[in-house]
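Here the structure comes first, spelled out in structure tokens, and everything after it is commentary.
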Amino acid sequence: MALNQKVKIPTQEAGYEGGPRDTTLLRSYESHVSQRLWTGKDRGTLKVLTHGRKLKRPGDDYIRDIIDDSGLRPLIEGTHSMIDRSHVSASTERWHRETSSFHLPVGEMTITLDDVSSLLHLPVTGRLFSLPTLGKDEAKQLLVSALKVSHADAFTETEITRGAYVRLSSLRDVYNSNLQQKNLDATARAYLLHLVGCTIFADKSETTVRVTYLELFRDLSSVGNIAWGAAALAYLYEQLKDASCHNTR
């Protein structure tokens, strides 16, 4: 550094009180929940829901084999009936989207693929994927072809959810209906979509899952080749980003 080069030292007024003085990195701190907490605006604890116990485990051997081969069976065993809302809320207050890490008094800490493998026991190697954004018409066609629902029911579902989504309660009905009719592939797809919609791909809508995830279950023989752990981690980062914003409930 040249001797005559001036070094800019942040003044006491720069940045945020109780937060970063240099705002060139944490550019979204203005909307961060911790910034609002410092000014006395507490959003309260986050709402945490689980639907994993609402769908019975399949008794058919064919469907159980599909689930075993998919690599997603650990999600069935790991579904929680009780979650510490305060702990979840406190964690999101420490998460920053720019660094994808928790900012703690001892330093930064993040969630790694090794953590996902150790805690969720999901495969972290395999095929990666990118899914299209579906419109209502495309979602209806996918529901009809993959889950054997009627065109009328598919239309009703996308109208109720106002987009390319399906309700978890509807998936349970579809699962039971296909199971009775021995449409075993459609039954397995409904079960798997419900499973990921309750766990690794859950969102703050609370009751729906994106229809586009059905694309992952079109070919049931290749589901086990997907790096579910990597997908879960990437999705978790996105959800933590949203949860760290003050206006997220």
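Residue numbers start at 1 in each chain; chains themselves are named A, B, ... in the order of the structure tokens; ligands are numbered from 1 in the order shown.
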
Exercise. If you count only C-alpha atoms, which residues fall within 10 Å of region 177-186 of chain A, apart from same-chain ones fewer than 2 positions away, as a ChimeraX atom specification?
Worked result: /A:58-60,62-63,66,143-149,171-175,188-192,217-220

For this session: Pick out each residue of region 12-217 of chain A that DSSP on the backbone tags as strand (DSSP E or B); I need them as a list in words.
Result: His32, Trp95, His96, Ser101, Phe102, His103, Leu104, Gly107, Glu108, Met109, Arg127, Tyr165, Val166, Arg167, Thr208, Val209 and Arg210 of chain A

Problem set entry | Nearby residues (only C-alpha atoms) at most 7 Å from Arg85 (chain A), same-chain spacing under 4 positions excluded, as a ChimeraX atom specification | /A:45-46,48,89

Can you spit out the residues from that selection as a compact mmCIF listing (two decimals), in the first residue's frame, using all heavy atoms?
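As written to disk, selection.txt reads:
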# COMPACT_ATOMS: atom_id res chain seq x y z
N THR A 45 -41.66 -15.74 17.34
CA THR A 45 -41.12 -17.01 16.87
C THR A 45 -41.78 -17.40 15.55
O THR A 45 -42.94 -17.09 15.29
CB THR A 45 -41.35 -18.12 17.90
OG1 THR A 45 -42.75 -18.19 18.21
CG2 THR A 45 -40.58 -17.85 19.17
N LEU A 46 -41.03 -18.09 14.72
CA LEU A 46 -41.54 -18.53 13.44
C LEU A 46 -42.57 -19.65 13.61
O LEU A 46 -42.51 -20.42 14.56
CB LEU A 46 -40.38 -19.03 12.56
CG LEU A 46 -39.38 -17.99 12.09
CD1 LEU A 46 -38.21 -18.69 11.40
CD2 LEU A 46 -40.03 -17.00 11.14
N VAL A 48 -43.87 -23.15 12.75
CA VAL A 48 -43.25 -24.39 12.29
C VAL A 48 -44.32 -25.47 12.25
O VAL A 48 -44.99 -25.74 13.25
CB VAL A 48 -42.10 -24.83 13.22
CG1 VAL A 48 -41.48 -26.12 12.70
CG2 VAL A 48 -41.04 -23.73 13.31
N SER A 89 -36.13 -20.21 15.30
CA SER A 89 -36.19 -18.76 15.13
C SER A 89 -34.85 -18.11 15.46
O SER A 89 -34.39 -17.22 14.75
CB SER A 89 -37.30 -18.18 16.01
OG SER A 89 -38.56 -18.69 15.66

Exercise. Taking into account only C-alpha atoms, which residue in the set A:Thr39, A:Ser117, A:Ser28, A:Thr23 is nearest to Ala230 (chain A)?
Worked result: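 Result for the nearest residue to Ala230 (chain A): A:Ser117.
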
For this session: Find the residues near Tyr29 (chain A): any atom within 10 Å, counting only C-alpha atoms, skip ones fewer than 2 places away on the same chain, and give them as number ranges by chain.
Result: A: 15-16, 19-20, 23, 25-27, 31-36, 96-98, 244-246

Need the shell around Glu108 (chain A): protein/DNA/RNA residues with any atom at most 12 Å away, counting only C-alpha atoms. Skip same-chain ones fewer than 6 positions apart. Format as a CSV table (one decimal) with N, CA and C atoms, in the first residue's frame?
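Everything below was put into result-v9.csv:
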chain,number,residue,atom,x,y,z
A,94,ARG,N,-29.4,-15.5,13.0
A,94,ARG,CA,-27.9,-15.5,12.9
A,94,ARG,C,-27.5,-15.8,11.4
A,95,TRP,N,-28.4,-16.1,10.6
A,95,TRP,CA,-28.1,-16.5,9.2
A,95,TRP,C,-28.0,-15.3,8.3
A,96,HIS,N,-27.0,-15.2,7.4
A,96,HIS,CA,-26.9,-14.1,6.5
A,96,HIS,C,-26.7,-14.7,5.1
A,99,THR,N,-23.3,-14.5,2.9
A,99,THR,CA,-22.2,-15.5,3.2
A,99,THR,C,-22.7,-16.9,3.4
A,100,SER,N,-24.0,-17.1,3.3
A,100,SER,CA,-24.6,-18.5,3.5
A,100,SER,C,-24.0,-19.1,4.8
A,101,SER,N,-24.0,-18.4,5.9
A,101,SER,CA,-23.5,-18.9,7.1
A,101,SER,C,-24.2,-18.2,8.3
A,102,PHE,N,-24.0,-18.9,9.5
A,102,PHE,CA,-24.5,-18.3,10.7
A,102,PHE,C,-23.4,-17.5,11.3

Exercise. At what distance in Å, to one decimal, does CA of Val88 (chain A) lie from CA of Pro123 (chain A)?
Worked result: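 Interatomic distance here is 24.5 Å.
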
Using only C-alpha atoms, I'd like a table of the residues in region 171-200 of chain A that come within 8 Å of region 208-215 of chain A; for each, show the closest atom pair and its distance in Å rounded to one decimal, ordered by chain and ascending number, as a tab-separated table.
residue	atom	partner	partner_atom	distance
A:Arg189	CA	A:Leu214	CA	7.3
A:Leu193	CA	A:Leu214	CA	6.5
A:His194	CA	A:Val209	CA	7.7
A:Gly197	CA	A:Val209	CA	5.2

Keeping only N, CA and C atoms, write the selected residues as a PDB file, in the first residue's frame.
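Written output follows (result-v1.pdb):
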ATOM      1  N   ARG A 189     -45.636 -42.299  -6.651  1.00  0.00           N
ATOM      2  CA  ARG A 189     -45.317 -40.901  -6.955  1.00  0.00           C
ATOM      3  C   ARG A 189     -46.009 -39.952  -5.981  1.00  0.00           C
ATOM      4  N   LEU A 193     -43.905 -37.501  -3.570  1.00  0.00           N
ATOM      5  CA  LEU A 193     -44.102 -36.056  -3.672  1.00  0.00           C
ATOM      6  C   LEU A 193     -44.557 -35.492  -2.330  1.00  0.00           C
ATOM      7  N   HIS A 194     -45.450 -36.183  -1.651  1.00  0.00           N
ATOM      8  CA  HIS A 194     -45.900 -35.763  -0.320  1.00  0.00           C
ATOM      9  C   HIS A 194     -44.725 -35.768   0.658  1.00  0.00           C
ATOM     10  N   GLY A 197     -42.388 -32.895  -0.073  1.00  0.00           N
ATOM     11  CA  GLY A 197     -43.113 -31.651   0.185  1.00  0.00           C
ATOM     12  C   GLY A 197     -43.259 -31.351   1.654  1.00  0.00           C
TER      13      GLY A 197
END

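For Thr207 (chain A), the residues within 10 Å (counting only C-alpha atoms, excluding itself and residues fewer than 4 positions away along the chain) are Leu49, Thr50, His51, Thr161, Tyr165, Val166, Arg167, Leu168, Ser169, Ser170, Gly197, Cys198, Ala202 and Asp203 of chain A.
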
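For the atom pair formed by CA of Ile226 (chain A) and CA of Ser70 (chain A), the distance is 8.2 Å, given to one decimal.
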
For this session: Report the distance between CA of Ser118 (chain A) and CA of Leu131 (chain A) in Å, rounded to one decimal place.
Result: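 Here the two named atoms are 26.4 Å from each other.
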
Exercise. Which parts of region 39-203 of chain A does DSSP call alpha helix (DSSP H) when run on the backbone here, written out as an MDAnalysis selection string?
Worked result: chainID A and resid 61:70 73:77 85:92 113:120 136:147 151:161 168:180 184:198
